[in-house]
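The next block is start.tsv, given as TSV, C-alpha atoms.
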chain	number	residue	atom	x	y	z
A	1	MET	CA	5.08	-4.31	-5.29
A	2	LEU	CA	3.34	-4.91	-8.60
A	3	SER	CA	-0.02	-5.31	-6.88
A	4	GLU	CA	-1.45	-2.71	-4.56
A	5	PRO	CA	-1.93	-3.51	-0.86
A	6	ARG	CA	-5.49	-4.04	0.30
A	7	SER	CA	-4.95	-1.33	2.89
A	8	GLY	CA	-4.24	1.11	0.05
A	9	GLN	CA	-7.50	0.30	-1.68
A	10	LEU	CA	-9.45	0.58	1.57
A	11	ALA	CA	-7.86	3.90	2.46
A	12	ALA	CA	-8.16	5.43	-1.01
A	13	TRP	CA	-11.77	4.50	-1.66
A	14	GLY	CA	-12.75	4.92	1.98
A	15	ASN	CA	-11.45	8.48	1.84
A	16	ALA	CA	-13.42	9.15	-1.34
A	17	LEU	CA	-16.55	7.79	0.34
A	18	LEU	CA	-16.04	9.81	3.53
A	19	ALA	CA	-15.65	12.92	1.38
A	20	GLY	CA	-18.89	12.18	-0.49
A	21	LEU	CA	-17.14	11.70	-3.83
A	22	VAL	CA	-18.28	8.13	-4.50
A	23	SER	CA	-21.26	6.00	-3.51
A	24	PRO	CA	-20.98	3.24	-0.88
A	25	ASP	CA	-21.56	0.58	-3.53
A	26	ASP	CA	-18.79	1.91	-5.79
A	27	ALA	CA	-16.38	2.23	-2.88
A	28	VAL	CA	-16.98	-1.30	-1.63
A	29	LEU	CA	-16.72	-2.74	-5.15
A	30	ALA	CA	-13.33	-1.09	-5.63
A	31	ILE	CA	-12.04	-2.13	-2.20
A	32	VAL	CA	-13.06	-5.78	-2.52
A	33	GLY	CA	-11.70	-6.08	-6.06
A	34	ASP	CA	-11.15	-9.73	-6.98
A	35	ASP	CA	-11.72	-10.98	-3.43
A	36	ALA	CA	-14.97	-12.71	-2.53
A	37	VAL	CA	-15.89	-10.67	0.51
A	38	HIS	CA	-14.48	-8.29	3.13
A	39	ARG	CA	-15.75	-8.03	6.69
A	40	VAL	CA	-14.76	-5.91	9.69
A	41	GLU	CA	-14.50	-7.45	13.15
A	42	GLY	CA	-14.24	-5.68	16.50
A	43	LEU	CA	-15.95	-2.42	15.57
A	44	PRO	CA	-17.21	-0.51	18.63
A	45	GLY	CA	-20.93	-1.03	18.96
A	46	GLU	CA	-20.99	-4.24	16.90
A	47	SER	CA	-21.16	-7.70	18.46
A	48	GLY	CA	-19.71	-9.54	15.46
A	49	PRO	CA	-18.24	-9.11	11.98
A	50	VAL	CA	-20.05	-6.71	9.66
A	51	GLY	CA	-19.86	-5.90	5.97
A	52	LEU	CA	-17.78	-3.06	4.58
A	53	THR	CA	-20.72	-0.78	3.83
A	54	LEU	CA	-21.96	-0.89	7.40
A	55	ALA	CA	-18.42	-0.69	8.77
A	56	LEU	CA	-17.53	2.45	6.83
A	57	GLY	CA	-20.76	4.07	7.94
A	58	ARG	CA	-20.03	3.12	11.56
A	59	LEU	CA	-16.53	4.57	11.33
A	60	ARG	CA	-17.96	7.85	10.07
A	61	ALA	CA	-20.38	7.88	13.00
A	62	LEU	CA	-17.45	7.28	15.37
A	63	GLY	CA	-15.80	10.45	14.11
A	64	VAL	CA	-13.46	9.08	11.45
A	65	THR	CA	-12.76	11.74	8.82
A	66	GLY	CA	-9.95	10.07	6.91
A	67	LEU	CA	-7.90	6.91	6.49
A	68	ARG	CA	-4.12	6.50	6.38
A	69	VAL	CA	-1.97	3.52	5.36
A	70	ALA	CA	0.85	1.79	7.24
A	71	LEU	CA	3.25	-0.55	5.39
A	72	PRO	CA	5.81	-1.59	8.00
A	73	ALA	CA	8.69	-4.02	7.60
A	74	PRO	CA	11.08	-5.47	10.20
A	75	GLY	CA	13.06	-2.57	11.62
A	76	HIS	CA	10.93	-0.01	9.78
A	77	PRO	CA	7.60	0.92	11.48
A	78	LEU	CA	6.43	2.89	8.44
A	79	GLY	CA	3.11	4.64	9.13
A	80	LEU	CA	2.68	3.29	12.65
A	81	SER	CA	2.15	5.22	15.88
A	82	GLY	CA	1.48	2.44	18.41
A	83	PRO	CA	0.54	0.92	20.74
A	84	PRO	CA	2.85	-2.15	20.61
A	85	ALA	CA	-0.05	-4.61	20.22
A	86	PHE	CA	-1.31	-2.85	17.09
A	87	ASN	CA	2.20	-2.44	15.72
A	88	ALA	CA	2.98	-6.13	16.20
A	89	ARG	CA	-0.20	-7.27	14.45
A	90	THR	CA	0.38	-4.82	11.60
A	91	LEU	CA	3.97	-5.95	11.17
A	92	GLU	CA	2.75	-9.53	10.88
A	93	ALA	CA	0.21	-8.55	8.23
A	94	GLU	CA	2.69	-6.09	6.63
A	95	GLU	CA	-0.06	-3.50	6.26
A	96	ALA	CA	-2.88	-1.69	8.05
A	97	VAL	CA	-5.25	1.26	7.82
A	98	VAL	CA	-5.11	3.89	10.56
A	99	CYS	CA	-8.17	6.06	11.14
A	100	HIS	CA	-7.93	9.85	11.41
A	101	GLY	CA	-10.40	11.40	13.84
A	102	SER	CA	-10.82	8.30	16.01
A	103	ALA	CA	-8.17	6.15	17.71
A	104	LEU	CA	-8.85	3.03	15.66
A	105	GLY	CA	-6.94	0.94	13.16
A	106	LEU	CA	-7.81	-1.90	10.78
A	107	VAL	CA	-5.48	-4.86	10.17
A	108	PRO	CA	-6.35	-7.39	7.44
A	109	GLU	CA	-6.32	-11.15	7.83
A	110	VAL	CA	-6.63	-13.06	4.56
A	111	TYR	CA	-8.21	-16.50	4.17
A	112	GLU	CA	-7.76	-18.46	0.95
A	113	ALA	CA	-9.35	-21.72	-0.14
A	114	GLY	CA	-9.65	-23.67	-3.38
A	115	PRO	CA	-7.37	-24.88	-6.19
A	116	ASP	CA	-5.06	-22.70	-8.29
A	117	GLY	CA	-7.08	-20.65	-10.72
A	118	ASP	CA	-10.21	-20.81	-8.57
A	119	VAL	CA	-9.08	-19.46	-5.21
A	120	HIS	CA	-11.80	-18.08	-2.91
A	121	VAL	CA	-10.43	-15.15	-0.89
A	122	GLU	CA	-12.07	-13.67	2.17
A	123	VAL	CA	-10.62	-10.79	4.17
A	124	VAL	CA	-11.37	-9.95	7.79
A	125	TRP	CA	-10.29	-6.50	8.95
A	126	HIS	CA	-9.60	-6.52	12.70
A	127	CYS	CA	-10.49	-3.20	14.31
A	128	LEU	CA	-8.05	-2.36	17.11
A	129	ALA	CA	-7.14	0.62	19.28
A	130	VAL	CA	-4.30	2.85	18.08
A	131	ARG	CA	-2.33	5.67	19.64
A	132	GLU	CA	-3.18	9.12	18.31
A	133	ALA	CA	0.25	10.39	17.27
A	134	PRO	CA	2.06	11.30	14.02
A	135	PRO	CA	2.77	8.21	11.89
A	136	ALA	CA	6.38	7.07	11.73
A	137	ASP	CA	8.69	7.97	8.83
A	138	VAL	CA	6.06	9.11	6.30
A	139	PRO	CA	7.50	11.73	3.90
A	140	SER	CA	5.65	14.53	2.17
A	141	LEU	CA	4.71	14.00	-1.47
A	142	GLY	CA	7.48	16.35	-2.54
A	143	GLU	CA	10.09	14.48	-0.51
A	144	ALA	CA	8.80	11.14	-1.77
A	145	GLU	CA	8.98	12.25	-5.40
A	146	ARG	CA	12.57	13.46	-5.06
A	147	GLU	CA	13.64	10.32	-3.21
A	148	LEU	CA	11.98	8.11	-5.82
A	149	ALA	CA	13.81	9.77	-8.69
A	150	GLU	CA	17.10	8.96	-6.94
A	151	ALA	CA	15.91	5.44	-6.08
A	152	LEU	CA	15.02	4.75	-9.70
A	153	ARG	CA	18.54	5.67	-10.77
A	154	ASP	CA	20.00	3.58	-7.94
A	155	ALA	CA	17.90	0.54	-8.83
A	156	THR	CA	18.88	0.74	-12.49
A	157	GLU	CA	22.55	1.08	-11.55
A	158	VAL	CA	22.35	-1.91	-9.18
A	159	LEU	CA	20.74	-4.12	-11.81
A	160	SER	CA	23.40	-3.16	-14.33
A	161	ARG	CA	26.31	-3.56	-11.90
A	162	LEU	CA	25.15	-6.96	-10.69
A	163	ASP	CA	24.38	-8.08	-14.24
A	164	VAL	CA	20.74	-8.89	-13.50
A	165	ALA	CA	19.23	-9.73	-16.84
A	166	GLY	CA	16.80	-7.19	-18.24
A	167	SER	CA	15.36	-9.57	-20.78
A	168	GLY	CA	13.96	-13.06	-20.88
A	169	PRO	CA	10.42	-14.39	-20.32
A	170	VAL	CA	10.18	-13.59	-16.60
A	171	ALA	CA	11.34	-10.00	-16.99
A	172	GLU	CA	9.14	-9.51	-20.04
A	173	ALA	CA	6.12	-10.84	-18.16
A	174	ALA	CA	6.82	-8.44	-15.28
A	175	VAL	CA	7.06	-5.49	-17.64
A	176	ASP	CA	3.87	-6.54	-19.43
A	177	ALA	CA	2.03	-6.80	-16.11
A	178	TYR	CA	3.12	-3.31	-15.14
A	179	ARG	CA	2.12	-1.84	-18.49
A	180	ALA	CA	-1.27	-3.55	-18.37
A	181	ARG	CA	-1.91	-2.10	-14.94
A	182	ALA	CA	-0.85	1.38	-16.00
A	183	GLU	CA	-3.19	1.24	-18.99
A	184	ARG	CA	-6.18	0.56	-16.76
A	185	GLY	CA	-6.34	4.23	-15.87
A	186	ARG	CA	-5.67	6.13	-12.68
A	187	GLU	CA	-8.40	4.82	-10.40
A	188	VAL	CA	-6.05	3.17	-7.92
A	189	LEU	CA	-6.17	6.31	-5.78
A	190	ALA	CA	-9.89	6.99	-6.23
A	191	PRO	CA	-11.50	10.37	-6.93
A	192	GLY	CA	-10.30	13.34	-4.91
A	193	TYR	CA	-6.59	12.57	-4.77
A	194	PRO	CA	-4.16	15.23	-6.05
A	195	PRO	CA	-2.42	14.50	-9.37
A	196	ARG	CA	0.96	14.54	-7.63
A	197	ALA	CA	-0.11	11.63	-5.41
A	198	VAL	CA	-1.05	9.63	-8.52
A	199	ARG	CA	2.33	10.47	-10.08
A	200	VAL	CA	4.21	9.44	-6.93
A	201	LEU	CA	2.35	6.15	-6.67
A	202	GLU	CA	2.98	5.32	-10.32
A	203	LEU	CA	6.70	6.04	-9.89
A	204	ALA	CA	6.75	3.89	-6.74
A	205	GLN	CA	5.21	1.08	-8.76
A	206	ARG	CA	7.88	1.47	-11.42
A	207	VAL	CA	10.64	1.25	-8.81
A	208	GLY	CA	8.87	-1.77	-7.33
A	209	LEU	CA	8.84	-3.38	-10.76
A	210	LEU	CA	12.61	-3.05	-11.04
A	211	ILE	CA	13.05	-4.54	-7.58
A	212	SER	CA	10.80	-7.47	-8.51
A	213	VAL	CA	12.77	-8.10	-11.70
A	214	ALA	CA	16.00	-8.05	-9.70
A	215	TYR	CA	14.76	-10.64	-7.23
A	216	GLU	CA	12.68	-12.84	-9.53
A	217	ASN	CA	14.55	-12.89	-12.84
A	218	GLY	CA	17.11	-15.51	-11.93
A	219	HIS	CA	20.48	-14.70	-10.44
A	220	GLY	CA	21.95	-12.81	-13.39
A	221	GLY	CA	25.61	-12.32	-12.72
A	222	ALA	CA	25.14	-12.63	-8.95
A	223	VAL	CA	25.94	-16.32	-8.83
A	224	SER	CA	27.64	-16.61	-5.46
A	225	ALA	CA	26.00	-16.33	-2.08
A	226	SER	CA	28.03	-13.23	-1.27
A	227	GLU	CA	27.03	-11.57	-4.56
A	228	MET	CA	23.38	-12.41	-3.97
A	229	ALA	CA	23.65	-10.93	-0.47
A	230	ALA	CA	25.27	-7.80	-1.93
A	231	ARG	CA	22.39	-7.41	-4.36
A	232	ALA	CA	19.83	-7.69	-1.57
A	233	GLU	CA	21.76	-5.19	0.53
A	234	ALA	CA	21.98	-2.73	-2.36
A	235	LEU	CA	18.26	-2.99	-3.18
A	236	ARG	CA	17.00	-2.79	0.40
A	237	PRO	CA	17.13	1.02	0.69
A	238	VAL	CA	15.54	1.33	-2.75
A	239	GLU	CA	12.63	-0.87	-1.66
A	240	ARG	CA	12.32	1.15	1.56
A	241	THR	CA	12.08	4.38	-0.43
A	242	ALA	CA	9.39	2.91	-2.68
A	243	ARG	CA	7.30	1.83	0.32
A	244	ARG	CA	7.65	5.27	1.93
A	245	ALA	CA	6.46	6.89	-1.29
A	246	GLN	CA	3.55	4.48	-1.56
A	247	VAL	CA	2.37	5.44	1.93
A	248	ALA	CA	2.84	9.14	1.20
A	249	ALA	CA	0.64	8.81	-1.88
A	250	TYR	CA	-2.17	7.01	-0.09
A	251	ASN	CA	-2.01	9.39	2.87
A	252	ALA	CA	-2.04	12.53	0.72
A	253	PHE	CA	-5.82	12.85	0.96
A	254	VAL	CA	-5.72	13.18	4.74
A	255	GLU	CA	-2.56	15.30	4.74
A	256	GLU	CA	-4.15	17.84	2.40
A	257	ARG	CA	-7.26	17.98	4.55
A	258	GLU	CA	-5.15	18.63	7.65
A	259	ARG	CA	-3.41	21.52	5.87
A	260	GLY	CA	-6.77	22.95	4.86
A	261	VAL	CA	-6.27	22.37	1.16
A	262	ARG	CA	-9.65	20.69	0.79

Translate the structure of the given file into C-alpha cells.
Amino acid sequence: MLSEPRSGQLAAWGNALLAGLVSPDDAVLAIVGDDAVHRVEGLPGESGPVGLTLALGRLRALGVTGLRVALPAPGHPLGLSGPPAFNARTLEAEEAVVCHGSALGLVPEVYEAGPDGDVHVEVVWHCLAVREAPPADVPSLGEAERELAEALRDATEVLSRLDVAGSGPVAEAAVDAYRARAERGREVLAPGYPPRAVRVLELAQRVGLLISVAYENGHGGAVSASEMAARAEALRPVERTARRAQVAAYNAFVEERERGVR
C-alpha cells in the first residue's frame, strides 16, 4: 500500500476537474503519472478507445458529477454495488472507479512492456454498467480515522509480538520511501478535498507501510509455517481497515457533495 491505486488518482483528480478546480491538462497529467498513456474503452457514444481528456468530458456530458473508488479483495467487496459482472472484473483488477450520477464504472487493465528500468506502461480503463446502490462497507471519515488509530496500535503490537524486525536494509528502504512520498506534499487527493480526508489517507498509508514491512522484511521470529500463518491472520484485519480508510478518503469529495457541504 505504499503506492496509491490508479483508481484513487483518477477519482481524486477527476473530481477536482468535474468541480472546476483544476484544468483538464493538469488533471490528466496527475492521473497518468509515470505511465505512458491512459485510454478509456467502451464509453457510451464512442466507437473505440479515447483519451482521458475526451473521456472525462464525455462522462460529464453523461451526467457524472463525481467519482468513487472501489478496492475489493476476496471476500470483501469494498466499494462495490454490482452487478456481478462488474464486481468480478473489479475483483480481478483489485480496483475500480464508480461514477456518481450515471450508472457507469471504470476498471483498469494494465499493459507493461520493456526491460527493468525502462518499462512502458499503458492503461486501458474499461467502461462498464454498474448498479446504482450504496457502495459496500465504506465507512465515514470519522469512523475510518478511529478505526485506523486502533489498527496502527494493533499492527505495531503484532510486529513486536511476532518479532518482525524493525531494522535492516529492507525496512529502512520502506521507511525512506514512505517519508519521501510524504514530503512531496499533499496533492495525492487533489484540490477540493477536506483536510480530514488527507489526514485519513496519510494514516492509512502509514498503516500500509507497517503491513508491508511485516510481510517483506524477512520472517523475523515467525520462522515456522504456523507462525507465518498466524502473522498473516493477525495482520489481515489491519490491512482491511487500511483499505476501508483509503476508500473513505477518496470518496469524501462525493460524500460531502451528497450531504450538501459543497

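Nearest to Leu141 (chain A) of all the residues A:Glu255, A:Glu239, A:Glu92, A:Glu4 is A:Glu255, based on only C-alpha atoms.
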
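With all atoms listed in the file as the basis for measurement, A:Ala73 is the residue among A:Leu104, A:Ala73, A:Ala11, A:Ala232 that approaches Thr90 (chain A) most closely.
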
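Closest approach to Leu148 (chain A) among A:Glu202, A:Glu95, A:Asp118, A:Glu109 is made by A:Glu202 (distances from only C-alpha atoms).
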
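Going from CA of Pro237 (chain A) to CA of Leu80 (chain A) covers 18.9 Å.
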
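Counting all atoms listed in the file, Asp35 (chain A) has the following residues at most 8 Å away, ignoring those fewer than 2 positions along the same chain: Val32, Gly33, Val37, His38, His120, Val121, Glu122 and Val123 of chain A.
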
Polymer residues at most 9 Å from region 124-134 of chain A, all atoms listed in the file, same-chain spacing of 4 or more positions, as a compact mmCIF listing (two decimals) with C-alpha atoms, in the frame of the given file:
# COMPACT_ATOMS: atom_id res chain seq x y z
CA VAL A 37 -15.89 -10.67 0.51
CA HIS A 38 -14.48 -8.29 3.13
CA ARG A 39 -15.75 -8.03 6.69
CA VAL A 40 -14.76 -5.91 9.69
CA GLU A 41 -14.50 -7.45 13.15
CA GLY A 42 -14.24 -5.68 16.50
CA LEU A 43 -15.95 -2.42 15.57
CA PRO A 44 -17.21 -0.51 18.63
CA PRO A 49 -18.24 -9.11 11.98
CA GLY A 79 3.11 4.64 9.13
CA LEU A 80 2.68 3.29 12.65
CA SER A 81 2.15 5.22 15.88
CA GLY A 82 1.48 2.44 18.41
CA PRO A 83 0.54 0.92 20.74
CA ALA A 85 -0.05 -4.61 20.22
CA PHE A 86 -1.31 -2.85 17.09
CA ASN A 87 2.20 -2.44 15.72
CA ALA A 96 -2.88 -1.69 8.05
CA VAL A 98 -5.11 3.89 10.56
CA CYS A 99 -8.17 6.06 11.14
CA HIS A 100 -7.93 9.85 11.41
CA GLY A 101 -10.40 11.40 13.84
CA SER A 102 -10.82 8.30 16.01
CA ALA A 103 -8.17 6.15 17.71
CA LEU A 104 -8.85 3.03 15.66
CA GLY A 105 -6.94 0.94 13.16
CA LEU A 106 -7.81 -1.90 10.78
CA VAL A 107 -5.48 -4.86 10.17
CA PRO A 108 -6.35 -7.39 7.44
CA GLU A 109 -6.32 -11.15 7.83
CA VAL A 110 -6.63 -13.06 4.56
CA TYR A 111 -8.21 -16.50 4.17
CA VAL A 138 6.06 9.11 6.30

Enter the distance from CA of Val213 (chain A) to CA of Ser160 (chain A), in Å, rounded to one decimal. 12.0 Å

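Atom pair CA of Val64 (chain A) / CA of Ala16 (chain A): separated by 12.8 Å.
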
If we count all atoms listed in the file, what is near Gln246 (chain A) at a cut-off of 7 Å, once residues fewer than 4 positions away on the same chain are taken out, given as a PDB file with C-alpha atoms, in the frame of the given file?
ATOM      1  CA  LEU A 201       2.350   6.150  -6.670  1.00  0.00           C
ATOM      2  CA  ALA A 204       6.750   3.890  -6.740  1.00  0.00           C
ATOM      3  CA  ALA A 242       9.390   2.910  -2.680  1.00  0.00           C
ATOM      4  CA  TYR A 250      -2.170   7.010  -0.090  1.00  0.00           C
TER       5      TYR A 250
END

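Proximity to Ala248 (chain A) at 10 Å, evaluated using all atoms listed in the file and with sequence-adjacent residues fewer than 3 positions away removed, yields Arg68, Val69, Ala70, Gly79, Asp137, Val138, Pro139, Ser140, Leu141, Gly142, Glu143, Ala144, Glu145, Ala197, Val200, Leu201, Ala242, Arg243, Arg244, Ala245, Asn251, Ala252, Phe253 and Glu255 of chain A.
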
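Nearest-residue note for His76 (chain A): choosing from A:Arg231, A:Arg199, A:Arg257, A:Arg240, the minimum distance belongs to A:Arg240, counting only C-alpha atoms.
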
Using all atoms listed in the file - which residues lie no farther than 12 Å from the point (-20.0, 4.5, -1.7) in the file's frame? Write them as JSON, numbers by chain. {"A": [10, 12, 13, 14, 15, 16, 17, 18, 19, 20, 21, 22, 23, 24, 25, 26, 27, 28, 29, 30, 31, 52, 53, 54, 55, 56, 57, 190, 191]}

For region 194-199 of chain A, what centre and edge lengths in Å (one decimal) does the axis-aligned box get once 4 Å is added on each side of all its listed atoms, as AutoDock Vina command-line options?
--center_x -0.9 --center_y 12.4 --center_z -7.7 --size_x 14.5 --size_y 13.6 --size_z 12.7
